[in-house]
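This is work.cif (mmCIF, C-alpha atoms).
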```
data_target
#
loop_
_atom_site.label_atom_id
_atom_site.label_comp_id
_atom_site.auth_asym_id
_atom_site.auth_seq_id
_atom_site.Cartn_x
_atom_site.Cartn_y
_atom_site.Cartn_z
CA MET A 1 0.00 0.00 0.00
CA LYS A 2 1.24 3.49 -0.87
CA GLU A 3 2.25 5.63 2.11
CA THR A 4 -0.04 8.44 0.90
CA GLY A 5 -3.11 6.24 1.44
CA LYS A 6 -2.29 5.34 5.03
CA PHE A 7 -3.22 6.87 8.38
CA GLY A 8 -0.92 9.76 9.25
CA PHE A 9 -0.07 10.83 12.81
CA TRP A 10 -3.21 12.88 13.52
CA SER A 11 -5.47 10.36 11.79
CA ILE A 12 -4.02 7.67 14.09
CA VAL A 13 -4.74 9.92 17.08
CA LEU A 14 -8.35 10.37 15.92
CA LEU A 15 -8.68 6.62 15.31
CA GLY A 16 -7.48 5.99 18.86
CA MET A 17 -9.83 8.57 20.35
CA ASN A 18 -12.71 7.07 18.39
CA GLY A 19 -11.95 3.69 19.97
CA ILE A 20 -11.72 5.12 23.50
CA VAL A 21 -14.35 7.88 23.72
CA GLY A 22 -17.65 6.02 23.55
CA THR A 23 -20.95 6.57 25.32
CA GLY A 24 -19.40 5.91 28.72
CA ILE A 25 -18.23 9.47 29.29
CA PHE A 26 -21.79 10.72 28.67
CA LEU A 27 -23.06 8.43 31.45
CA LEU A 28 -20.26 7.82 33.96
CA PRO A 29 -20.04 11.19 35.81
CA ASN A 30 -23.21 10.55 37.84
CA LYS A 31 -22.20 6.99 38.80
CA ALA A 32 -18.75 8.09 39.96
CA TYR A 33 -20.15 11.08 41.87
CA SER A 34 -22.73 8.93 43.65
CA ILE A 35 -19.91 6.66 44.88
CA ILE A 36 -17.29 9.17 46.03
CA GLY A 37 -18.55 12.73 45.42
CA SER A 38 -16.35 15.43 43.90
CA ALA A 39 -13.33 13.32 44.92
CA SER A 40 -14.18 11.43 41.72
CA LEU A 41 -11.97 14.02 39.97
CA GLY A 42 -9.02 12.66 41.94
CA VAL A 43 -10.03 9.09 41.10
CA LEU A 44 -10.24 9.99 37.41
CA LEU A 45 -6.72 11.45 37.59
CA PHE A 46 -5.51 8.29 39.38
CA ASP A 47 -7.00 6.17 36.58
CA ALA A 48 -5.37 8.40 33.97
CA VAL A 49 -1.98 7.65 35.54
CA ILE A 50 -2.70 3.89 35.67
CA ALA A 51 -3.98 3.76 32.09
CA GLY A 52 -1.09 6.00 31.06
CA CYS A 53 1.49 3.56 32.47
CA ILE A 54 -0.10 0.69 30.56
CA ALA A 55 -0.39 2.81 27.41
CA LEU A 56 3.32 3.68 27.62
CA CYS A 57 4.08 -0.06 27.53
CA PHE A 58 1.99 -0.33 24.36
CA ALA A 59 3.86 2.66 22.93
CA GLU A 60 7.28 1.07 23.50
CA ALA A 61 6.16 -2.32 22.17
CA ALA A 62 4.63 -0.66 19.08
CA SER A 63 7.97 0.99 18.28
CA LEU A 64 9.38 -2.43 17.34
CA PHE A 65 6.73 -3.65 14.87
CA THR A 66 5.16 -2.74 11.54
CA ARG A 67 2.77 -5.71 11.18
CA ASN A 68 -0.89 -5.85 12.17
CA GLY A 69 -1.74 -7.61 15.40
CA GLY A 70 -0.87 -5.34 18.32
CA PRO A 71 -1.08 -7.28 21.63
CA TYR A 72 -1.30 -10.61 19.79
CA LEU A 73 1.97 -9.88 17.99
CA TYR A 74 3.74 -8.74 21.17
CA ALA A 75 2.66 -11.91 23.01
CA LYS A 76 3.81 -14.08 20.10
CA HIS A 77 7.35 -12.70 20.05
CA ALA A 78 7.70 -12.39 23.84
CA LEU A 79 5.78 -15.32 25.29
CA GLY A 80 5.34 -17.79 22.43
CA ASP A 81 2.53 -19.20 20.31
CA PHE A 82 0.29 -20.46 23.12
CA TRP A 83 -0.17 -17.12 24.85
CA ALA A 84 -0.37 -15.34 21.51
CA PHE A 85 -3.21 -17.65 20.48
CA GLU A 86 -5.09 -17.01 23.73
CA VAL A 87 -4.61 -13.24 23.45
CA GLY A 88 -5.55 -13.06 19.77
CA VAL A 89 -8.58 -15.34 19.71
CA LEU A 90 -10.06 -13.87 22.89
CA LYS A 91 -9.60 -10.38 21.50
CA TRP A 92 -11.33 -11.27 18.25
CA ILE A 93 -14.25 -13.06 19.95
CA VAL A 94 -14.83 -10.28 22.47
CA THR A 95 -14.58 -7.61 19.77
CA VAL A 96 -17.22 -9.41 17.70
CA ILE A 97 -19.52 -9.66 20.73
CA ALA A 98 -18.83 -6.04 21.67
CA TRP A 99 -19.63 -4.83 18.15
CA ALA A 100 -22.94 -6.71 18.21
CA ALA A 101 -23.82 -5.18 21.58
CA MET A 102 -22.84 -1.69 20.44
CA ALA A 103 -24.89 -2.02 17.25
CA VAL A 104 -27.93 -2.96 19.34
CA GLY A 105 -27.09 -0.11 21.72
CA PHE A 106 -27.08 2.36 18.83
CA ALA A 107 -30.42 0.99 17.56
CA THR A 108 -31.89 1.23 21.08
CA ALA A 109 -30.69 4.82 21.56
CA LEU A 110 -32.04 5.82 18.15
CA GLY A 111 -35.35 4.17 19.03
CA ALA A 112 -35.50 6.18 22.27
CA ALA A 113 -34.96 9.40 20.30
CA VAL A 114 -37.38 8.42 17.50
CA PRO A 115 -40.21 6.31 19.04
CA ALA A 116 -41.31 5.04 15.60
CA LEU A 117 -38.02 3.11 15.47
CA SER A 118 -38.30 1.55 18.93
CA GLY A 119 -39.84 -1.80 17.93
CA ASP A 120 -37.87 -5.05 17.85
CA PHE A 121 -38.04 -5.35 14.06
CA ALA A 122 -36.82 -1.76 13.67
CA LYS A 123 -33.92 -2.40 16.07
CA ASP A 124 -32.90 -5.56 14.22
CA THR A 125 -33.06 -3.72 10.89
CA ILE A 126 -31.05 -0.74 12.14
CA SER A 127 -28.34 -2.94 13.69
CA PHE A 128 -28.16 -4.96 10.44
CA ILE A 129 -27.84 -1.83 8.27
CA LEU A 130 -25.20 -0.38 10.61
CA ILE A 131 -23.04 -3.52 10.65
CA VAL A 132 -23.33 -4.12 6.90
CA GLY A 133 -22.77 -0.44 6.09
CA LEU A 134 -19.60 -0.18 8.17
CA THR A 135 -18.33 -3.46 6.72
CA ILE A 136 -18.75 -2.05 3.20
CA VAL A 137 -16.82 1.07 4.24
CA ASN A 138 -14.11 -1.20 5.64
CA ILE A 139 -13.93 -3.28 2.44
CA PHE A 140 -13.24 -0.15 0.37
CA GLY A 141 -9.88 0.19 2.09
CA VAL A 142 -7.92 2.63 4.21
CA ASN A 143 -8.64 5.85 2.28
CA VAL A 144 -12.41 5.57 2.75
CA SER A 145 -12.04 4.26 6.32
CA LYS A 146 -9.70 7.11 7.22
CA PHE A 147 -12.16 9.72 5.92
CA VAL A 148 -15.14 8.17 7.73
CA ASN A 149 -13.19 7.78 10.98
CA ASN A 150 -11.89 11.36 10.97
CA LEU A 151 -15.39 12.69 10.23
CA MET A 152 -17.08 10.63 12.96
CA THR A 153 -14.44 11.36 15.59
CA ILE A 154 -14.48 15.11 15.02
CA SER A 155 -18.30 15.06 14.97
CA LYS A 156 -18.46 13.26 18.32
CA LEU A 157 -15.91 15.62 19.90
CA VAL A 158 -17.66 18.84 18.82
CA PRO A 159 -20.63 18.52 21.25
CA LEU A 160 -18.24 17.66 24.10
CA ALA A 161 -16.00 20.62 23.24
CA LEU A 162 -19.06 22.93 23.19
CA PHE A 163 -20.20 21.55 26.55
CA ILE A 164 -16.80 22.29 28.10
CA ALA A 165 -16.25 25.68 26.42
CA ILE A 166 -19.68 27.01 27.44
CA GLY A 167 -20.08 25.11 30.70
CA ILE A 168 -16.83 26.38 32.20
CA PHE A 169 -18.50 29.80 32.65
CA PHE A 170 -21.37 28.26 34.64
CA ILE A 171 -19.32 26.34 37.19
CA ASN A 172 -20.25 26.96 40.82
CA GLY A 173 -17.16 26.47 42.98
CA ALA A 174 -19.31 25.64 46.01
CA ASN A 175 -20.39 22.43 44.29
CA PHE A 176 -16.92 20.97 44.84
CA THR A 177 -17.25 21.08 48.64
CA PRO A 178 -17.43 19.05 50.71
CA VAL A 179 -15.13 16.73 48.80
CA PHE A 180 -17.02 13.74 50.22
CA PRO A 181 -20.74 14.62 50.47
CA GLN A 182 -22.59 13.01 53.35
CA ASP A 183 -23.20 9.26 52.91
CA THR A 184 -21.20 9.04 49.66
CA TYR A 185 -17.92 7.67 51.04
CA VAL A 186 -17.69 4.25 52.63
CA ASP A 187 -14.91 1.68 52.81
CA GLY A 188 -14.10 0.45 49.33
CA SER A 189 -15.55 3.49 47.56
CA PHE A 190 -12.20 4.50 46.09
CA ALA A 191 -11.58 1.06 44.56
CA GLN A 192 -15.17 0.87 43.29
CA ALA A 193 -14.96 4.29 41.64
CA ALA A 194 -11.47 3.56 40.27
CA VAL A 195 -12.61 0.37 38.54
CA LEU A 196 -15.74 2.08 37.17
CA LEU A 197 -13.86 5.04 35.70
CA PHE A 198 -10.87 3.00 34.50
CA PHE A 199 -12.94 1.36 31.77
CA ALA A 200 -13.64 4.79 30.27
CA TYR A 201 -9.94 4.86 29.29
CA THR A 202 -9.84 1.42 27.70
CA GLY A 203 -9.56 1.10 23.94
CA PHE A 204 -5.99 2.35 23.50
CA GLU A 205 -4.85 -1.28 23.37
CA VAL A 206 -6.34 -1.73 19.89
CA ILE A 207 -4.62 1.22 18.20
CA ALA A 208 -1.61 -0.85 17.09
CA ILE A 209 -3.73 -3.70 15.70
CA ALA A 210 -3.83 -1.98 12.28
CA ALA A 211 -0.13 -0.98 12.15
CA GLU A 212 0.19 -1.91 8.47
CA ASP A 213 -2.40 0.75 7.57
CA MET A 214 -0.31 3.51 9.15
CA LYS A 215 2.52 5.67 7.90
CA ASN A 216 5.85 4.86 9.58
CA PRO A 217 4.18 2.91 12.44
CA LYS A 218 7.40 2.43 14.43
CA LYS A 219 7.63 6.22 14.79
CA ASN A 220 4.01 7.40 14.62
CA LEU A 221 2.25 4.74 16.71
CA PRO A 222 4.11 5.38 20.00
CA ARG A 223 3.65 9.15 19.64
CA ALA A 224 -0.02 8.75 18.69
CA ILE A 225 -0.77 6.45 21.65
CA ILE A 226 0.76 8.96 24.07
CA MET A 227 -0.97 11.97 22.46
CA CYS A 228 -4.28 10.12 22.36
CA MET A 229 -4.19 9.27 26.07
CA LEU A 230 -3.14 12.81 26.98
CA LEU A 231 -6.03 14.38 25.03
CA VAL A 232 -8.57 11.87 26.34
CA SER A 233 -7.45 12.45 29.94
CA ILE A 234 -7.81 16.24 29.59
CA LEU A 235 -11.22 15.80 27.92
CA TYR A 236 -12.52 13.49 30.66
CA MET A 237 -11.29 15.70 33.50
CA ALA A 238 -12.93 18.75 31.92
CA ILE A 239 -16.26 16.96 31.33
CA LEU A 240 -16.43 15.67 34.91
CA ALA A 241 -15.40 19.04 36.37
CA VAL A 242 -18.09 20.91 34.40
CA SER A 243 -20.71 18.28 35.28
CA ILE A 244 -19.95 18.62 39.01
CA GLY A 245 -19.64 22.41 38.81
CA VAL A 246 -23.02 22.84 37.11
CA LEU A 247 -25.17 20.13 38.73
CA GLY A 248 -23.56 19.75 42.17
CA THR A 249 -25.21 17.07 44.32
CA ASP A 250 -27.96 16.67 41.69
CA LEU A 251 -25.34 14.90 39.58
CA ALA A 252 -25.74 11.75 41.68
CA ASN A 253 -29.42 11.46 40.75
CA THR A 254 -29.37 12.13 37.00
CA LYS A 255 -29.36 9.35 34.41
CA ALA A 256 -27.90 11.51 31.62
CA PRO A 257 -25.43 13.86 33.38
CA VAL A 258 -23.87 15.65 30.41
CA GLN A 259 -27.26 16.03 28.74
CA ASP A 260 -28.89 17.41 31.90
CA ALA A 261 -25.97 19.74 32.67
CA PHE A 262 -26.07 21.23 29.16
CA ASN A 263 -29.85 21.59 29.51
CA VAL A 264 -29.29 23.67 32.66
CA ILE A 265 -26.73 25.83 30.84
CA VAL A 266 -28.39 26.59 27.49
CA GLY A 267 -31.85 25.03 27.73
CA PRO A 268 -33.40 22.21 25.66
CA ILE A 269 -31.12 22.91 22.67
CA GLY A 270 -28.17 21.78 24.78
CA MET A 271 -29.93 18.54 25.62
CA TYR A 272 -30.52 17.81 21.92
CA VAL A 273 -26.93 18.69 21.00
CA VAL A 274 -25.66 16.12 23.50
CA LEU A 275 -28.24 13.57 22.34
CA VAL A 276 -26.98 13.90 18.76
CA GLY A 277 -23.40 13.72 20.07
CA THR A 278 -24.24 10.51 21.94
CA LEU A 279 -25.65 8.89 18.80
CA ILE A 280 -22.61 9.96 16.76
CA SER A 281 -20.34 8.66 19.51
CA MET A 282 -22.10 5.29 19.44
CA GLY A 283 -21.77 5.22 15.66
CA GLY A 284 -18.08 6.06 15.99
CA ILE A 285 -17.34 3.29 18.45
CA ASN A 286 -19.15 0.89 16.10
CA PHE A 287 -16.84 1.99 13.31
CA ALA A 288 -13.77 1.40 15.49
CA GLU A 289 -14.92 -2.15 16.25
CA ALA A 290 -15.69 -2.77 12.56
CA TYR A 291 -12.21 -1.59 11.60
CA TYR A 292 -10.12 -3.39 14.20
CA ALA A 293 -11.87 -6.77 14.57
CA PRO A 294 -11.08 -8.20 11.10
CA ARG A 295 -7.43 -7.17 11.38
CA VAL A 296 -6.92 -9.27 14.50
CA ALA A 297 -8.19 -12.32 12.62
CA THR A 298 -6.12 -11.49 9.52
CA SER A 299 -2.89 -11.21 11.49
CA MET A 300 -3.49 -14.60 13.13
CA ALA A 301 -4.47 -16.18 9.79
CA GLU A 302 -1.18 -14.98 8.26
CA ASP A 303 0.59 -16.95 11.00
CA GLY A 304 -1.50 -20.07 10.41
CA MET A 305 -3.38 -19.82 13.72
CA LEU A 306 -6.73 -19.25 11.98
CA PRO A 307 -7.95 -20.44 8.54
CA SER A 308 -5.85 -18.95 5.73
CA ALA A 309 -8.95 -17.59 3.96
CA LEU A 310 -9.19 -14.91 6.67
CA ALA A 311 -5.87 -13.47 5.44
CA LYS A 312 -7.19 -12.72 1.94
CA ARG A 313 -7.21 -9.07 0.83
CA ASN A 314 -8.95 -7.32 -2.07
CA ARG A 315 -7.55 -4.74 -4.50
CA TYR A 316 -7.98 -2.06 -1.83
CA ASN A 317 -5.72 -4.14 0.47
CA ALA A 318 -8.66 -4.60 2.86
CA PRO A 319 -9.11 -7.94 4.70
CA TYR A 320 -12.47 -8.51 3.05
CA VAL A 321 -13.01 -12.17 4.04
CA ALA A 322 -12.27 -11.47 7.71
CA ALA A 323 -14.49 -8.38 7.53
CA ILE A 324 -17.42 -10.36 6.08
CA VAL A 325 -17.04 -13.24 8.57
CA THR A 326 -16.84 -10.76 11.46
CA ALA A 327 -19.93 -8.92 10.20
CA ILE A 328 -21.97 -12.12 9.85
CA ALA A 329 -21.06 -13.21 13.38
CA SER A 330 -21.90 -9.75 14.75
CA VAL A 331 -25.28 -9.62 12.98
CA LEU A 332 -26.27 -13.05 14.29
CA LEU A 333 -25.27 -12.07 17.82
CA ALA A 334 -27.08 -8.73 17.52
CA TRP A 335 -30.27 -10.50 16.49
CA SER A 336 -29.95 -13.10 19.24
CA GLY A 337 -29.67 -10.45 21.96
CA SER A 338 -27.46 -12.78 24.03
CA PHE A 339 -25.14 -10.30 25.76
CA THR A 340 -25.41 -11.45 29.36
CA THR A 341 -21.85 -12.77 29.49
CA LEU A 342 -20.30 -9.92 27.48
CA ALA A 343 -19.39 -7.72 30.44
CA ALA A 344 -18.05 -10.71 32.36
CA ILE A 345 -15.77 -11.89 29.55
CA SER A 346 -14.64 -8.44 28.42
CA ALA A 347 -13.75 -7.37 31.96
CA VAL A 348 -11.11 -10.11 32.05
CA SER A 349 -10.15 -10.10 28.36
CA ARG A 350 -8.91 -6.51 28.65
CA PHE A 351 -6.19 -7.72 30.95
CA THR A 352 -5.23 -10.57 28.61
CA GLN A 353 -4.12 -7.68 26.38
CA TYR A 354 -2.49 -5.56 29.11
CA LEU A 355 -0.46 -8.07 31.14
CA PRO A 356 1.29 -9.83 28.21
CA THR A 357 2.15 -6.47 26.60
CA CYS A 358 3.61 -5.02 29.81
CA LEU A 359 5.61 -8.22 30.33
CA ALA A 360 6.68 -8.12 26.68
CA VAL A 361 8.31 -4.71 27.16
CA ILE A 362 10.58 -6.15 29.86
CA ILE A 363 11.31 -9.27 27.78
CA PHE A 364 12.03 -7.29 24.60
CA ARG A 365 14.54 -5.08 26.44
CA ARG A 366 16.50 -8.19 27.36
CA LYS A 367 15.88 -10.17 24.18
CA TRP A 368 16.43 -7.31 21.73
CA ALA A 369 18.67 -4.97 23.70
CA ASP A 370 20.44 -3.78 20.55
CA LYS A 371 17.32 -3.35 18.40
CA ALA A 372 16.50 0.26 17.50
CA ARG A 373 13.40 1.78 19.11
CA SER A 374 11.74 5.09 18.32
CA TYR A 375 10.44 5.25 21.90
CA THR A 376 11.69 3.85 25.22
CA ILE A 377 9.82 4.41 28.47
CA PRO A 378 11.98 6.50 30.82
CA GLY A 379 12.77 5.24 34.32
CA GLY A 380 14.01 1.77 33.45
CA TYR A 381 11.62 -0.99 34.49
CA LEU A 382 9.64 1.17 36.95
CA ILE A 383 6.65 1.99 34.73
CA PRO A 384 6.26 -1.53 33.25
CA VAL A 385 6.33 -2.95 36.80
CA ILE A 386 3.75 -0.38 37.96
CA ALA A 387 1.61 -1.23 34.91
CA ILE A 388 1.78 -4.96 35.71
CA GLY A 389 1.00 -4.37 39.39
CA THR A 390 -1.97 -2.09 38.74
CA SER A 391 -3.30 -4.47 36.06
CA LEU A 392 -3.24 -7.31 38.59
CA TRP A 393 -4.93 -5.05 41.17
CA MET A 394 -7.67 -4.13 38.69
CA LEU A 395 -8.11 -7.78 37.75
CA ALA A 396 -8.44 -8.65 41.45
CA GLN A 397 -11.40 -6.24 41.69
CA ALA A 398 -13.35 -8.37 39.18
CA GLN A 399 -16.22 -10.43 40.53
CA THR A 400 -15.81 -14.19 40.86
CA ASN A 401 -18.25 -14.89 38.02
CA GLN A 402 -16.30 -12.53 35.75
CA LEU A 403 -13.06 -14.37 36.49
CA LEU A 404 -14.75 -17.72 35.92
CA TRP A 405 -16.21 -16.61 32.58
CA GLY A 406 -12.84 -15.25 31.52
CA LEU A 407 -11.10 -18.48 32.54
CA GLY A 408 -13.80 -20.47 30.77
CA GLY A 409 -13.16 -18.51 27.58
CA CYS A 410 -9.44 -19.34 27.78
CA ILE A 411 -10.20 -23.05 28.24
CA ILE A 412 -12.84 -23.33 25.51
CA ILE A 413 -10.42 -22.24 22.78
CA LEU A 414 -7.70 -24.74 23.82
CA PRO A 415 -8.80 -27.47 21.34
CA PHE A 416 -8.32 -24.99 18.50
CA TYR A 417 -4.80 -24.24 19.68
CA TYR A 418 -4.09 -27.97 19.90
CA SER A 419 -5.16 -28.33 16.25
CA TYR A 420 -2.80 -25.51 15.25
CA TRP A 421 0.04 -27.02 17.31
CA LYS A 422 -0.37 -30.44 15.64
CA LYS A 423 -0.26 -28.90 12.16
CA LYS A 424 2.81 -26.85 13.03
CA LYS A 425 4.58 -29.86 14.55
CA ALA A 426 3.84 -31.82 11.37
CA GLY A 427 5.47 -29.08 9.31
CA LEU A 428 2.20 -27.98 7.69
CA ILE A 429 2.56 -24.45 9.07
CA LYS A 430 5.73 -22.43 8.64
CA ASN A 431 7.04 -19.96 11.19
CA ASN A 432 6.27 -16.33 10.39
CA ASP A 433 8.81 -14.21 12.25
CA GLU A 434 8.00 -11.04 10.34
CA MET A 435 7.69 -8.02 12.59
#
```

Using structure tokens, write down the structure that the file contains.
Amino acid sequence: MKETGKFGFWSIVLLGMNGIVGTGIFLLPNKAYSIIGSASLGVLLFDAVIAGCIALCFAEAASLFTRNGGPYLYAKHALGDFWAFEVGVLKWIVTVIAWAAMAVGFATALGAAVPALSGDFAKDTISFILIVGLTIVNIFGVNVSKFVNNLMTISKLVPLALFIAIGIFFINGANFTPVFPQDTYVDGSFAQAAVLLFFAYTGFEVIAIAAEDMKNPKKNLPRAIIMCMLLVSILYMAILAVSIGVLGTDLANTKAPVQDAFNVIVGPIGMYVVLVGTLISMGGINFAEAYYAPRVATSMAEDGMLPSALAKRNRYNAPYVAAIVTAIASVLLAWSGSFTTLAAISAVSRFTQYLPTCLAVIIFRRKWADKARSYTIPGGYLIPVIAIGTSLWMLAQAQTNQLLWGLGGCIIILPFYYSYWKKKKAGLIKNNDEM
């Protein structure tokens, strides 16, 4: 693919922000405030540091590779085929399920805004059109995908930027005291709020999955990951601060905090601006899932871990077979409505991306000490160790059923790995050490 058709630095940043900034930030401020009051600003900053440490590990790992795959690729070269298979397959499965759930979420939100579209048939039709439409965009290659992503990301950020720019003049400083409103803080509140808000930062782990579609990925990906996390952190802090400053203790009781706060500031027009922004944001996160999911499968197929047909590309260099298979699976899941285990599996699967990547940074420094890197985390092993420790702490906060579902997912895919291992041992699959 020609360099001119690939994602440049700022397009990578927008792609990353599109994958991180979903509907959560429109809904989380009230939940966090109800747990720990205005101290939720401190918790959000704490989470930014934690997520930042993990993201820095992804940035350093990304500086060594130009292939698609991201966490799967890092696990393969650092920990071997078994862990790479677990990381890659779980990521693909969870992304397919997540896309189905997000498509239904978009259809549900649209139905709430337009009652005529609230029926089950309408929801199924909307989710089908959304998944198929985004798959077609994906099949037309990087140029079209880049344009659509940039447009959707900027469109979703505009309402949030307006909310911050206008809302900052309506902040009431008294709403930030006391830091812990009566009855909001109890033992365990900090950990509960930290886990809740942490997931608003997730999504950065997929940025490197499409490295081949990016200009000079060894240089641009690390910089883009860092810039993306910095901008998202500033955006989140500003949104939460304005929400608290405008609504005060009422924030704990609202179901749509940003919408209600903007309604207080500029009237009903503000509420509708945020509603449109929410729908665009949901559409944007759907696009991010549509773009990344096939590329996980394609990278694994190129290594022989999944059927070779999934590695096929069309004249636009798009992984069209993987895109179609992913879309079919997502449509069927969207129509089934079976999402009860999604949160349980995804809560654990996130850390199957984080822990191997943070470990890989340490391993790569020893294994490839002389290999050139465009970015190295300062402070030696301190930040990777902090990232590993905080990832384990976050994982420990998961409920028992979430851990069991996550473990079950790892076990279920073992027979498929065994099949791959047998073929490789028999010499039917060649090693692919391309980076």

* **CA of Ile265 (chain A) to CA of Pro115 (chain A), straight-line distance in Å** => 26.5 Å

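Using all atoms listed in the file, the nearest neighbour of Pro29 (chain A) within the list A:Ile166, A:Ala98, A:Leu41, A:Leu395 is A:Leu41.
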
* Please identify all polymer residues within 8 Å of Phe26 (chain A), counting all atoms listed in the file, omitting same-chain residues fewer than 5 positions from it, and present them as a PyMOL selection string. => chain A and resi 256-259+278

* May I ask which of the residues A:Tyr375, A:Trp92, A:Tyr272, A:Phe351 is the closest one to Ser330 (chain A), counting all atoms listed in the file? => A:Trp92

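Residue nearest Ser281 (chain A) within the list A:Thr135, A:Asn149, A:Thr376, A:Ser118: A:Asn149 [criterion: smallest interatomic distance, all atoms listed in the file].
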
* Hits of the PyMOL selection byres ((chain A and resi 127) around 9) in this structure, as number ranges by chain -> A: 100, 102-107, 122-126, 128-132, 331, 334-335

* Asked: Quick one: which residues end up in the PyMOL selection byres ((chain A and resi 150) around 12) for this structure, as a PyMOL selection string?
  -> chain A and resi 7-19+142-149+151-157+284+287-288

Could you write out the selected residues, including C-alpha atoms, as a compact mmCIF listing (two decimals), in the coordinates of the input?
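The result, written out as again04.txt:
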```
# COMPACT_ATOMS: atom_id res chain seq x y z
CA PHE A 7 -3.22 6.87 8.38
CA GLY A 8 -0.92 9.76 9.25
CA PHE A 9 -0.07 10.83 12.81
CA TRP A 10 -3.21 12.88 13.52
CA SER A 11 -5.47 10.36 11.79
CA ILE A 12 -4.02 7.67 14.09
CA VAL A 13 -4.74 9.92 17.08
CA LEU A 14 -8.35 10.37 15.92
CA LEU A 15 -8.68 6.62 15.31
CA GLY A 16 -7.48 5.99 18.86
CA MET A 17 -9.83 8.57 20.35
CA ASN A 18 -12.71 7.07 18.39
CA GLY A 19 -11.95 3.69 19.97
CA VAL A 142 -7.92 2.63 4.21
CA ASN A 143 -8.64 5.85 2.28
CA VAL A 144 -12.41 5.57 2.75
CA SER A 145 -12.04 4.26 6.32
CA LYS A 146 -9.70 7.11 7.22
CA PHE A 147 -12.16 9.72 5.92
CA VAL A 148 -15.14 8.17 7.73
CA ASN A 149 -13.19 7.78 10.98
CA LEU A 151 -15.39 12.69 10.23
CA MET A 152 -17.08 10.63 12.96
CA THR A 153 -14.44 11.36 15.59
CA ILE A 154 -14.48 15.11 15.02
CA SER A 155 -18.30 15.06 14.97
CA LYS A 156 -18.46 13.26 18.32
CA LEU A 157 -15.91 15.62 19.90
CA GLY A 284 -18.08 6.06 15.99
CA PHE A 287 -16.84 1.99 13.31
CA ALA A 288 -13.77 1.40 15.49
```

* **Long-range neighbours of Ala309 (chain A) as number ranges by chain, 10 Å cut-off, all atoms listed in the file, 4 positions minimum in chain** => A: 298, 301-302, 313, 319-322

* Proximity to Val43 (chain A) - best of A:Leu90, A:Asp120, A:Leu160, A:Tyr236, all atoms listed in the file ->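 So, comparing all the options, the nearest one is A:Tyr236.
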
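Proximity of A:Phe140, A:Tyr201, A:Phe262, A:Trp393 to Leu247 (chain A), computed with all atoms listed in the file, is greatest for A:Phe262.
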
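Running the PyMOL selection byres ((chain A and resi 394) around 9) on this file leaves Ala191, Ala194, Val195, Phe198, Phe351, Gly389, Thr390, Ser391, Leu392, Trp393, Leu395, Ala396, Gln397 and Ala398 of chain A selected.
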
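Excluding Arg373 (chain A) and any residue on its chain fewer than 2 positions from it, the residues at most 12 Å away by all atoms listed in the file are Ala59, Glu60, Ala61, Ala62, Ser63, Leu64, Phe65, Pro217, Lys218, Lys219, Asn220, Leu221, Pro222, Val361, Phe364, Arg365, Trp368, Ala369, Asp370, Lys371, Tyr375, Thr376 and Ile377 of chain A.
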
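You will find CA of Asp47 (chain A) at 9.6 Å from CA of Ala193 (chain A).
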
* Structure fact -> Residue with the minimum atom-to-atom distance to Gly52 (chain A), picked from A:Ile225, A:Ile285, A:Leu251, A:Ala290 with only C-alpha atoms counted, is A:Ile225

* Structure fact -> Computed gap from CA of Val246 (chain A) to CA of Ala261 (chain A) is 6.2 Å

* Protein and nucleic acid residues near (-9.9, 19.9, 29.6) (cut-off 12 Å, only C-alpha atoms) as an NGL selection string -> :A and (160-165 or 167-168 or 230-242)

* To do: Excluding Tyr292 (chain A) and any residue of its chain fewer than 3 positions from it, enumerate the residues within 8 Å of it, using all atoms listed in the file, and give them as a VMD selection string.
  => chain A and resid 206 209 to 210 288 to 289 295 to 296

* To do: Fewer than 5 positions away in the same chain doesn't count, so skip those; otherwise give me all residues within 8 Å of Pro71 (chain A), counting all atoms listed in the file, as number ranges by chain.
  => A: 87-88, 205-206, 208-209, 353-354, 356-357

For those residues, write C-alpha atoms to a file as a PDB file, in the frame of the given file.
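Ended up saving to out01.pdb:
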```pdb
ATOM      1  CA  VAL A  87      -4.610 -13.240  23.450  1.00  0.00           C
ATOM      2  CA  GLY A  88      -5.550 -13.060  19.770  1.00  0.00           C
ATOM      3  CA  GLU A 205      -4.850  -1.280  23.370  1.00  0.00           C
ATOM      4  CA  VAL A 206      -6.340  -1.730  19.890  1.00  0.00           C
ATOM      5  CA  ALA A 208      -1.610  -0.850  17.090  1.00  0.00           C
ATOM      6  CA  ILE A 209      -3.730  -3.700  15.700  1.00  0.00           C
ATOM      7  CA  GLN A 353      -4.120  -7.680  26.380  1.00  0.00           C
ATOM      8  CA  TYR A 354      -2.490  -5.560  29.110  1.00  0.00           C
ATOM      9  CA  PRO A 356       1.290  -9.830  28.210  1.00  0.00           C
ATOM     10  CA  THR A 357       2.150  -6.470  26.600  1.00  0.00           C
TER      11      THR A 357
END
```

Determine, using only C-alpha atoms, which residues of region 51-161 of chain A have any atom at most 10 Å from an atom of region 407-412 of chain A, and tabulate each with its shortest atom pair and distance in Å to one decimal place, rows ordered by chain and then rising number, as JSON lines.
```
{"residue": "A:Trp83", "atom": "CA", "partner": "A:Cys410", "partner_atom": "CA", "distance": 10.0}
{"residue": "A:Phe85", "atom": "CA", "partner": "A:Cys410", "partner_atom": "CA", "distance": 9.7}
{"residue": "A:Glu86", "atom": "CA", "partner": "A:Cys410", "partner_atom": "CA", "distance": 6.4}
{"residue": "A:Val87", "atom": "CA", "partner": "A:Cys410", "partner_atom": "CA", "distance": 8.9}
{"residue": "A:Val89", "atom": "CA", "partner": "A:Cys410", "partner_atom": "CA", "distance": 9.0}
{"residue": "A:Leu90", "atom": "CA", "partner": "A:Gly409", "partner_atom": "CA", "distance": 7.3}
{"residue": "A:Ile93", "atom": "CA", "partner": "A:Gly409", "partner_atom": "CA", "distance": 9.4}
{"residue": "A:Val94", "atom": "CA", "partner": "A:Gly409", "partner_atom": "CA", "distance": 9.8}
```
